[in-house]
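Written below as structure tokens is the structure these notes are about.
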Amino acid sequence: HLLRFRNREVFYAKKIDGALKKFANNEYGLCEDCGYWIKYERLLARPTAEMCIICKEEAERDESTNILGKQS
């Protein structure tokens with residue numbers, strides 16, 4: 001369990017570092033997929049969000065479709 005928690009900490013630290021770099025480059029809050037602004041409420045809930053909710057939901061749908069396709 002300790003190793004899993006440590007891996008999570010390292011992963012989240014990298015995401016925070018990436019968000020801080022985007023902030024320094026005036027790119028924080030821009031969706032990496034469509035380029036539109038991520039809503040404030042989403043950033044408040046998940047400060048390391050890289051995609052707007054619409055693009056994220058679409059990516060998750062595509063991911064679940066690919067997983068289901070592989071199982072068939």
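Residues are named by chain letter and number: chains run A, B, ... in the order of the structure tokens, numbers start at 1 in each chain, and ligands are numbered from 1 in the order shown.
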When DSSP works through the backbone of this structure, what residues of chain A end up as alpha helix (DSSP H), shown as a VMD selection string? chain A and resid 2 to 24 40 to 45 53 to 71
Might you pull out every residue within 10 Å of stretch 16-22 of chain A, with only C-alpha atoms counted and same-chain residues fewer than 4 positions away left off, and present them as a PyMOL selection string? chain A and resi 10-12+26-30+47-50
Please indicate the distance in Å from atom CA of A:Leu3 to atom CA of A:Lys15, rounded to one decimal place.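 Between atom CA of A:Leu3 and atom CA of A:Lys15 the gap is 18.5 Å.
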With distances taken over only C-alpha atoms, which of A:Ala59, A:Met51, A:Leu2, A:Ala13 is nearest to A:Cys31? A:Met51
Expressed in Å to a single decimal, how great is the separation between atom CA of A:Glu57 and atom CA of A:Trp37?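 Straight-line distance from atom CA of A:Glu57 to atom CA of A:Trp37 works out to 15.6 Å.
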